Amino acid sequence: MKKSWDGRFRKTLNPFIEEFSSSIDIDVKLAEYDIQGSIAHIKMLGKVNVISKNDTKKILHGLEEILQEASKGKLKYTSTDEDIHMAIERMLVGKIGKVGNKLHTARSRNDQIALDERLYLRDEIAEVSKLIKKLQRVIISIAQKNIDVVMPGLTHMQHAQPVLFSHYLMAYFNMLDRDRARLKDCLKRVNIMPLGAGAIAGTSFPVDREYVAKLLGFSTITENSIDTVSDRDFILEFVSCSAILMMHLSRLCEDIVIYSSEEFGYVELDDSICTGSSMMPQKKNPDVAELIRGKTARVYGSLMTLFTLMKALPLSYNRDMQEDKPALFDAVETVKICLKAGAKLLENIKLNRKRLENILTKDFSCATEIADYLVRQGMAFRDAHKLVGRIVRYCIDNKKHLRDLTCSEFKSFSSLFLNDVVAFTSPNSSVKSKSSPGGTCLKNVKAQIEKAKNSLK
Ligand code: ARG
C-alpha cells in the first residue's frame, strides 16, 4: 500500500511490518476528536491565509462530511491505514481529491496525536466525574435509609468502637470527593492546546495557535514545542487519579465481601446481583464486589505500563508512545464500568440490623467508654486504661461481656464507679457521645449528609 511519507523509500513497507506498526484498531476511538482537531486546524490555516479561502472551504466541507459519518459509526477503515490520522486523511482525499493533501500543512502527527488525546481525555474526565457523583448520590441515599444503625467499627479487623453505619458509608463519600477534586485539577493540565508544535520544532508558517485553542475550547496553549510532543504527563496523571479512585472502590468492595460473609452477616446482597456456584447449591457469591476489586488491578497495570513506557524515552516524540493508548483507553473504560457497577452494588445492599445489634451486645467495643468514664471521675487516662483492661480480663475469664456486668461488679474494681456506669456500656450511648467535629454521633452524620447533598447540586 502506498504511504503518504514514502517519497524517500525505494521499497514498499513489508506487509507484516505494516500490520505490526498500525494502530488503527486501537485509535479509531479518537476518530471524532481527530476530525474536530483538523477542522479547527484548517479554519486557522484559512484565517492566516496559509491555505486559500477556496481550498479551506473544500477541505472543511470534506471534513464535516466525514465527521457526520463518524458520528453515525459509518467510517470504513482498511487494514493498511497506519493510524487514525492517516485514515481520515485518506478519506478526505478520497472525497475531495488532491486538495485534501493540503490539510497537513504546519502540522505533524506528533502534535496531532497529543491534541486528539487531550480532547478525548477532557470529555472522559467529565464523564468519570459525573459517574463519581452518581455513586456519591447512592451513598447518600443508603446512608440516609440506615441513618441510625449502629455497627462495630473495626480497626485491625477487630471490634474497636461502635459507629453509625451511615457514618462509615459517608467515609466513602469523602474519598470519592477527593477523587473528583483530583480529576478537576488534572483537567487543568489536560486542557492545554498542543497543535502548532509540529514534529518537534514548531512551524515557520504564521499559525494562530490561540485561535485553534479558542475554537476547541482549550484554556491555553502549550509553551514549548519539544515538551509538547514528548509529554504524556496528563495521561499519567489521569491514570494515577483513576488508580486512586479504583483503590477506593476496591476497599468498599472488600468491606462488602467481608460484611456479607456468613461469619460477619452485617449486610445481605440482593439475589439479582449475586451469582451461584456451578457445584455447590448453597452458594451465593458477591461477584460484583470481587470483580470491581479485581478490575482495580487492570488500572494499576495501565499505570505501570505508562510509567514504564515513558521512563527511558529520550526527547522528543518516539513511536513507543503509540502504546499509551491501550493503557489509557482500558483505564477509562474500566473506571467507568466499575463506577456504574459500584452504584448497583450499593443500591442492592440490605443491612442486617438484628445481627448488628446482637453482635454489639457480645463484644467489648464500649471498653473505651468505661475508661473515659473514670477519666471524668478524675483518674488519669493511662491508669483508667489499665483498670478497664483488668475488667475486660475479668469478663473473659468469667465468660461475660461488658453489658453483663452489674454496678457492684464495676465498683469492686474502683470506688470511682457510680450507679450510672452501666449505661456507658450501651453502643447507642457511645455513638451519641461522639460529638466532636467529624465524630460519629447522629447529629454530626445528619449534618454531613446535608452538606454532602448541597455539594452535589
Ligand atoms: N500513531 C501515532 C501515536 O499514537 C501517531 C504519531 C505518529 N508519528 C509518527 N511520526 N509516526 O503516537
# chains A, B, ... in the order shown; residues from 1 in each chain; ligands from 1
call {"tool": "residues_near_ligand", "arguments": {"ligand": "ligand 1", "cutoff": "9 Å", "atoms": "only C-alpha atoms and all ligand atoms", "output": "PyMOL selection string"}}
result
chain A and resi 21-24+27+82-86+108-114+199+317-325
call {"tool": "residues_around", "arguments": {"residues": "Lys98 (chain A)", "least_positions_apart": "5", "cutoff": "12 Å", "atoms": "only C-alpha atoms", "output": "MDAnalysis selection string"}}
result
chainID A and resid 55 58:59 62 89:93 103
call {"tool": "residues_around", "arguments": {"residues": "Arg382 (chain A)", "least_positions_apart": "5", "cutoff": "12 Å", "atoms": "only C-alpha atoms", "output": "list in words"}}
result
Thr368, Ala371, Asp372, Leu374, Val375, Leu387, Val388 and Gly389 of chain A
call {"tool": "write_last_selection", "arguments": {"atoms": "C-alpha atoms", "output": "mmCIF file, in the first residue's frame"}}
result
data_model
loop_
_atom_site.group_PDB
_atom_site.id
_atom_site.type_symbol
_atom_site.label_atom_id
_atom_site.label_comp_id
_atom_site.auth_asym_id
_atom_site.auth_seq_id
_atom_site.Cartn_x
_atom_site.Cartn_y
_atom_site.Cartn_z
ATOM 1 C CA THR A 368 -13.101 2.926 75.957
ATOM 2 C CA ALA A 371 -12.079 4.287 80.660
ATOM 3 C CA ASP A 372 -13.367 7.748 79.651
ATOM 4 C CA LEU A 374 -13.090 7.032 85.007
ATOM 5 C CA VAL A 375 -11.186 9.944 83.484
ATOM 6 C CA LEU A 387 -8.043 -0.717 85.069
ATOM 7 C CA VAL A 388 -10.567 -1.304 82.278
ATOM 8 C CA GLY A 389 -8.131 -3.761 80.770
#
call {"tool": "residues_around", "arguments": {"residues": "Leu45 (chain A)", "least_positions_apart": "3", "cutoff": "9 Å", "atoms": "only C-alpha atoms", "output": "list in words"}}
result
Ala40, His41, Ile42, Val48, Asn49, Val50, Ile51, Ser52, Thr56, Leu103, Thr105, Ala106, Phe205, Pro206, Val207 and Asp208 of chain A
call {"tool": "write_last_selection", "arguments": {"atoms": "all heavy atoms", "output": "compact mmCIF listing (two decimals), in the first residue's frame"}}
result
# COMPACT_ATOMS: atom_id res chain seq x y z
N ALA A 40 -10.58 22.55 13.15
CA ALA A 40 -10.05 23.78 13.77
C ALA A 40 -8.75 24.19 13.08
O ALA A 40 -8.51 25.37 12.81
CB ALA A 40 -9.82 23.55 15.27
N HIS A 41 -7.92 23.19 12.78
CA HIS A 41 -6.62 23.46 12.15
C HIS A 41 -6.80 24.11 10.78
O HIS A 41 -6.15 25.11 10.48
CB HIS A 41 -5.85 22.14 12.03
CG HIS A 41 -4.49 22.28 11.42
ND1 HIS A 41 -3.48 23.01 12.00
CD2 HIS A 41 -3.97 21.76 10.26
CE1 HIS A 41 -2.39 22.94 11.23
NE2 HIS A 41 -2.67 22.19 10.17
N ILE A 42 -7.71 23.58 9.98
CA ILE A 42 -7.89 24.12 8.63
C ILE A 42 -8.55 25.51 8.67
O ILE A 42 -8.21 26.40 7.88
CB ILE A 42 -8.64 23.14 7.68
CG1 ILE A 42 -8.51 23.55 6.22
CG2 ILE A 42 -10.12 23.02 8.04
CD1 ILE A 42 -7.10 23.45 5.70
N VAL A 48 -5.29 32.59 8.50
CA VAL A 48 -3.99 33.26 8.38
C VAL A 48 -3.44 33.22 6.94
O VAL A 48 -2.28 33.53 6.69
CB VAL A 48 -2.94 32.68 9.36
CG1 VAL A 48 -3.37 32.85 10.80
CG2 VAL A 48 -2.68 31.18 9.06
N ASN A 49 -4.33 32.82 6.00
CA ASN A 49 -4.01 32.80 4.56
C ASN A 49 -2.86 31.87 4.17
O ASN A 49 -2.19 32.11 3.18
CB ASN A 49 -3.70 34.23 4.06
CG ASN A 49 -4.92 35.12 4.19
OD1 ASN A 49 -6.03 34.71 3.84
ND2 ASN A 49 -4.73 36.31 4.72
N VAL A 50 -2.65 30.84 4.94
CA VAL A 50 -1.68 29.83 4.52
C VAL A 50 -2.35 28.94 3.47
O VAL A 50 -1.71 28.47 2.53
CB VAL A 50 -1.17 29.00 5.73
CG1 VAL A 50 -0.37 27.79 5.28
CG2 VAL A 50 -0.32 29.88 6.64
N ILE A 51 -3.62 28.72 3.61
CA ILE A 51 -4.42 28.00 2.62
C ILE A 51 -5.46 28.98 2.07
O ILE A 51 -6.04 29.75 2.85
CB ILE A 51 -5.15 26.79 3.27
CG1 ILE A 51 -4.16 25.88 4.02
CG2 ILE A 51 -5.97 26.02 2.24
CD1 ILE A 51 -3.56 24.75 3.26
N SER A 52 -5.68 28.93 0.78
CA SER A 52 -6.63 29.87 0.17
C SER A 52 -8.04 29.64 0.72
O SER A 52 -8.37 28.54 1.16
CB SER A 52 -6.62 29.70 -1.35
OG SER A 52 -7.31 28.50 -1.69
N THR A 56 -9.72 26.05 1.62
CA THR A 56 -10.16 25.88 3.00
C THR A 56 -11.60 25.40 3.02
O THR A 56 -11.96 24.47 3.74
CB THR A 56 -10.07 27.22 3.78
OG1 THR A 56 -8.70 27.63 3.77
CG2 THR A 56 -10.54 27.08 5.20
N LEU A 103 -4.21 19.64 3.92
CA LEU A 103 -4.63 19.71 5.33
C LEU A 103 -3.46 19.62 6.31
O LEU A 103 -3.45 20.30 7.33
CB LEU A 103 -5.64 18.58 5.63
CG LEU A 103 -5.99 18.35 7.11
CD1 LEU A 103 -6.73 19.57 7.68
CD2 LEU A 103 -6.85 17.11 7.29
N THR A 105 -0.60 20.73 6.33
CA THR A 105 0.34 21.86 6.37
C THR A 105 0.51 22.33 7.81
O THR A 105 -0.47 22.43 8.56
CB THR A 105 -0.24 23.04 5.54
OG1 THR A 105 -0.67 22.55 4.27
CG2 THR A 105 0.80 24.15 5.36
N ALA A 106 1.74 22.61 8.19
CA ALA A 106 2.06 23.17 9.52
C ALA A 106 1.60 22.25 10.65
O ALA A 106 1.24 22.71 11.73
CB ALA A 106 1.44 24.56 9.70
N PHE A 205 5.25 28.54 9.47
CA PHE A 205 4.02 29.20 9.00
C PHE A 205 3.46 30.10 10.10
O PHE A 205 3.62 29.79 11.29
CB PHE A 205 2.98 28.16 8.59
CG PHE A 205 3.37 27.38 7.36
CD1 PHE A 205 3.91 26.11 7.48
CD2 PHE A 205 3.21 27.94 6.09
CE1 PHE A 205 4.28 25.40 6.34
CE2 PHE A 205 3.59 27.23 4.95
CZ PHE A 205 4.13 25.96 5.08
N PRO A 206 2.79 31.18 9.71
CA PRO A 206 2.29 32.14 10.72
C PRO A 206 1.01 31.64 11.40
O PRO A 206 -0.04 32.25 11.29
CB PRO A 206 2.01 33.40 9.89
CG PRO A 206 1.64 32.87 8.53
CD PRO A 206 2.46 31.62 8.33
N VAL A 207 1.12 30.51 12.09
CA VAL A 207 -0.09 29.90 12.67
C VAL A 207 -0.63 30.74 13.84
O VAL A 207 0.13 31.44 14.50
CB VAL A 207 0.19 28.46 13.18
CG1 VAL A 207 0.44 27.52 12.02
CG2 VAL A 207 1.36 28.44 14.16
N ASP A 208 -1.90 30.65 14.03
CA ASP A 208 -2.53 31.33 15.17
C ASP A 208 -3.00 30.26 16.16
O ASP A 208 -4.13 29.78 16.10
CB ASP A 208 -3.72 32.17 14.67
CG ASP A 208 -4.34 33.01 15.78
OD1 ASP A 208 -4.03 32.75 16.97
OD2 ASP A 208 -5.13 33.92 15.46
call {"tool": "atom_distance", "arguments": {"atom1": "CA of Ser278 (chain A)", "atom2": "CA of Gly342 (chain A)"}}
result
24.8 Å
call {"tool": "select_by_dssp", "arguments": {"residues": "region 186-407 of chain A", "states": "strand (DSSP E or B)", "output": "PyMOL selection string"}}
result
chain A and resi 192-193+220-221+267-269+275+285+349-351
call {"tool": "closest_residue", "arguments": {"among": "A:Ile192, A:Ile449, A:Ala31, A:Val239", "to": "Thr296 (chain A)", "atoms": "only C-alpha atoms"}}
result
A:Val239
call {"tool": "residues_around", "arguments": {"residues": "Ser433 (chain A)", "least_positions_apart": "6", "cutoff": "12 Å", "atoms": "only C-alpha atoms", "output": "number ranges by chain"}}
result
A: 161-163, 366, 368-369, 372-373, 423-424, 426-427, 439-444
call {"tool": "write_last_selection", "arguments": {"atoms": "C-alpha atoms", "output": "PDB file, in the first residue's frame"}}
result
ATOM      1  CA  GLN A 161     -15.777   1.237  68.848  1.00  0.00           C
ATOM      2  CA  PRO A 162     -19.438   1.424  67.878  1.00  0.00           C
ATOM      3  CA  VAL A 163     -20.098   3.718  64.906  1.00  0.00           C
ATOM      4  CA  CYS A 366     -17.583   0.092  74.720  1.00  0.00           C
ATOM      5  CA  THR A 368     -13.101   2.926  75.957  1.00  0.00           C
ATOM      6  CA  GLU A 369     -16.347   4.455  77.263  1.00  0.00           C
ATOM      7  CA  ASP A 372     -13.367   7.748  79.651  1.00  0.00           C
ATOM      8  CA  TYR A 373     -15.899   7.477  82.499  1.00  0.00           C
ATOM      9  CA  ALA A 423     -25.389   2.979  80.927  1.00  0.00           C
ATOM     10  CA  PHE A 424     -21.940   3.567  79.444  1.00  0.00           C
ATOM     11  CA  SER A 426     -24.531   0.803  75.625  1.00  0.00           C
ATOM     12  CA  PRO A 427     -23.358   1.131  71.987  1.00  0.00           C
ATOM     13  CA  GLY A 439     -17.320  12.157  65.149  1.00  0.00           C
ATOM     14  CA  THR A 440     -19.970   9.514  64.659  1.00  0.00           C
ATOM     15  CA  CYS A 441     -22.941  10.962  66.597  1.00  0.00           C
ATOM     16  CA  LEU A 442     -26.224  11.136  64.714  1.00  0.00           C
ATOM     17  CA  LYS A 443     -26.319  14.927  64.686  1.00  0.00           C
ATOM     18  CA  ASN A 444     -22.916  15.092  63.010  1.00  0.00           C
TER      19      ASN A 444
END
call {"tool": "residues_around", "arguments": {"residues": "region 274-276 of chain A", "least_positions_apart": "2", "cutoff": "10 Å", "atoms": "only C-alpha atoms", "output": "JSON list (two decimals) with C-alpha atoms, in the first residue's frame"}}
result
[["chain", "number", "residue", "atom", "x", "y", "z"],
["A", 269, "LEU", "CA", -26.83, -8.52, 48.87],
["A", 270, "ASP", "CA", -29.89, -8.80, 46.71],
["A", 271, "ASP", "CA", -30.15, -12.06, 44.73],
["A", 272, "SER", "CA", -30.33, -10.08, 41.50],
["A", 278, "SER", "CA", -21.78, -24.48, 39.44],
["A", 279, "MET", "CA", -21.11, -27.15, 42.03],
["A", 280, "MET", "CA", -22.24, -26.01, 45.49],
["A", 281, "PRO", "CA", -26.00, -25.48, 45.58],
["A", 282, "GLN", "CA", -25.94, -23.34, 48.72],
["A", 283, "LYS", "CA", -23.61, -20.65, 47.36],
["A", 284, "LYS", "CA", -24.47, -17.00, 46.79],
["A", 285, "ASN", "CA", -21.37, -15.11, 45.82],
["A", 286, "PRO", "CA", -20.62, -11.36, 45.89],
["A", 287, "ASP", "CA", -19.10, -11.43, 42.39],
["A", 288, "VAL", "CA", -19.79, -7.79, 41.57],
["A", 289, "ALA", "CA", -17.69, -6.66, 44.52],
["A", 345, "LEU", "CA", -23.91, -2.93, 44.26],
["A", 348, "ASN", "CA", -28.78, -3.67, 46.35]]
call {"tool": "residues_around", "arguments": {"residues": "Lys400 (chain A)", "least_positions_apart": "2", "cutoff": "12 Å", "atoms": "only C-alpha atoms", "output": "MDAnalysis selection string"}}
result
chainID A and resid 361:364 391:398 402:406 409
call {"tool": "atom_distance", "arguments": {"atom1": "CA of Arg8 (chain A)", "atom2": "CA of Ser79 (chain A)"}}
result
22.9 Å
call {"tool": "atom_distance", "arguments": {"atom1": "CA of Lys29 (chain A)", "atom2": "CA of Thr78 (chain A)"}}
result
15.0 Å
call {"tool": "select_by_dssp", "arguments": {"residues": "region 150-327 of chain A", "states": "alpha helix (DSSP H)", "output": "PyMOL selection string"}}
result
chain A and resi 165-190+209-215+225-230+233-259+287-310+324-327
call {"tool": "closest_residue", "arguments": {"among": "A:Ala243, A:Val150, A:Ile142, A:Arg118", "to": "Leu187 (chain A)", "atoms": "only C-alpha atoms"}}
result
A:Arg118
call {"tool": "decode", "arguments": {"residues": "region 171-209 of chain A", "atoms": "N, CA and C atoms", "output": "compact mmCIF listing (two decimals), in the first residue's frame"}}
result
# COMPACT_ATOMS: atom_id res chain seq x y z
N ALA A 171 -17.83 7.86 54.82
CA ALA A 171 -16.37 7.92 54.65
C ALA A 171 -16.04 7.76 53.16
N TYR A 172 -16.77 6.88 52.49
CA TYR A 172 -16.55 6.67 51.05
C TYR A 172 -16.98 7.88 50.24
N PHE A 173 -17.98 8.58 50.73
CA PHE A 173 -18.37 9.82 50.06
C PHE A 173 -17.18 10.79 50.03
N ASN A 174 -16.52 10.91 51.18
CA ASN A 174 -15.36 11.81 51.27
C ASN A 174 -14.24 11.36 50.33
N MET A 175 -14.00 10.06 50.31
CA MET A 175 -12.93 9.55 49.44
C MET A 175 -13.23 9.90 47.98
N LEU A 176 -14.50 9.71 47.59
CA LEU A 176 -14.88 9.99 46.21
C LEU A 176 -14.84 11.49 45.91
N ASP A 177 -15.10 12.29 46.93
CA ASP A 177 -15.00 13.74 46.77
C ASP A 177 -13.56 14.14 46.41
N ARG A 178 -12.61 13.51 47.10
CA ARG A 178 -11.21 13.80 46.78
C ARG A 178 -10.88 13.33 45.36
N ASP A 179 -11.47 12.21 44.96
CA ASP A 179 -11.22 11.72 43.59
C ASP A 179 -11.69 12.73 42.55
N ARG A 180 -12.85 13.30 42.83
CA ARG A 180 -13.38 14.31 41.89
C ARG A 180 -12.51 15.55 41.86
N ALA A 181 -12.06 15.94 43.05
CA ALA A 181 -11.20 17.13 43.13
C ALA A 181 -9.89 16.90 42.37
N ARG A 182 -9.35 15.69 42.51
CA ARG A 182 -8.10 15.37 41.81
C ARG A 182 -8.30 15.44 40.29
N LEU A 183 -9.42 14.91 39.82
CA LEU A 183 -9.69 14.93 38.38
C LEU A 183 -9.86 16.36 37.87
N LYS A 184 -10.50 17.17 38.69
CA LYS A 184 -10.72 18.57 38.32
C LYS A 184 -9.38 19.28 38.15
N ASP A 185 -8.46 18.95 39.04
CA ASP A 185 -7.14 19.56 38.97
C ASP A 185 -6.35 19.02 37.78
N CYS A 186 -6.50 17.73 37.55
CA CYS A 186 -5.84 17.08 36.41
C CYS A 186 -6.29 17.73 35.10
N LEU A 187 -7.57 18.06 35.05
CA LEU A 187 -8.14 18.65 33.85
C LEU A 187 -7.41 19.94 33.45
N LYS A 188 -6.94 20.69 34.44
CA LYS A 188 -6.21 21.94 34.15
C LYS A 188 -5.01 21.67 33.24
N ARG A 189 -4.37 20.54 33.45
CA ARG A 189 -3.18 20.22 32.66
C ARG A 189 -3.51 19.43 31.38
N VAL A 190 -4.72 18.89 31.34
CA VAL A 190 -5.17 18.22 30.12
C VAL A 190 -5.63 19.27 29.11
N ASN A 191 -6.29 20.29 29.64
CA ASN A 191 -6.98 21.25 28.77
C ASN A 191 -6.05 22.34 28.22
N ILE A 192 -4.94 21.92 27.64
CA ILE A 192 -3.96 22.85 27.06
C ILE A 192 -3.70 22.40 25.62
N MET A 193 -3.69 23.35 24.71
CA MET A 193 -3.70 23.03 23.27
C MET A 193 -2.28 22.82 22.71
N PRO A 194 -2.01 21.64 22.17
CA PRO A 194 -0.65 21.32 21.71
C PRO A 194 -0.37 21.63 20.23
N LEU A 195 -1.43 21.78 19.43
CA LEU A 195 -1.21 21.91 17.98
C LEU A 195 -0.36 23.16 17.68
N GLY A 196 0.52 23.02 16.67
CA GLY A 196 1.43 24.12 16.35
C GLY A 196 2.84 23.79 16.76
N ALA A 197 2.97 22.74 17.58
CA ALA A 197 4.32 22.28 17.96
C ALA A 197 4.98 21.59 16.77
N GLY A 198 4.17 21.15 15.81
CA GLY A 198 4.71 20.42 14.68
C GLY A 198 5.31 19.11 15.14
N ALA A 199 6.38 18.69 14.44
CA ALA A 199 7.00 17.42 14.79
C ALA A 199 7.82 17.55 16.07
N ILE A 200 8.48 18.71 16.22
CA ILE A 200 9.31 18.98 17.40
C ILE A 200 9.64 20.46 17.55
N ALA A 201 9.80 21.16 16.40
CA ALA A 201 10.45 22.48 16.44
C ALA A 201 9.48 23.65 16.37
N GLY A 202 8.19 23.35 16.18
CA GLY A 202 7.27 24.45 15.87
C GLY A 202 7.13 24.53 14.37
N THR A 203 6.65 25.65 13.85
CA THR A 203 6.47 25.75 12.40
C THR A 203 6.84 27.14 11.91
N SER A 204 7.23 27.21 10.63
CA SER A 204 7.60 28.50 10.06
C SER A 204 6.38 29.23 9.50
N PHE A 205 5.25 28.54 9.47
CA PHE A 205 4.02 29.20 9.00
C PHE A 205 3.46 30.10 10.10
N PRO A 206 2.79 31.18 9.71
CA PRO A 206 2.29 32.14 10.72
C PRO A 206 1.01 31.64 11.40
N VAL A 207 1.12 30.51 12.09
CA VAL A 207 -0.09 29.90 12.67
C VAL A 207 -0.63 30.74 13.84
N ASP A 208 -1.90 30.65 14.03
CA ASP A 208 -2.53 31.33 15.17
C ASP A 208 -3.00 30.26 16.16
N ARG A 209 -2.12 29.90 17.05
CA ARG A 209 -2.41 28.80 17.98
C ARG A 209 -3.53 29.15 18.95
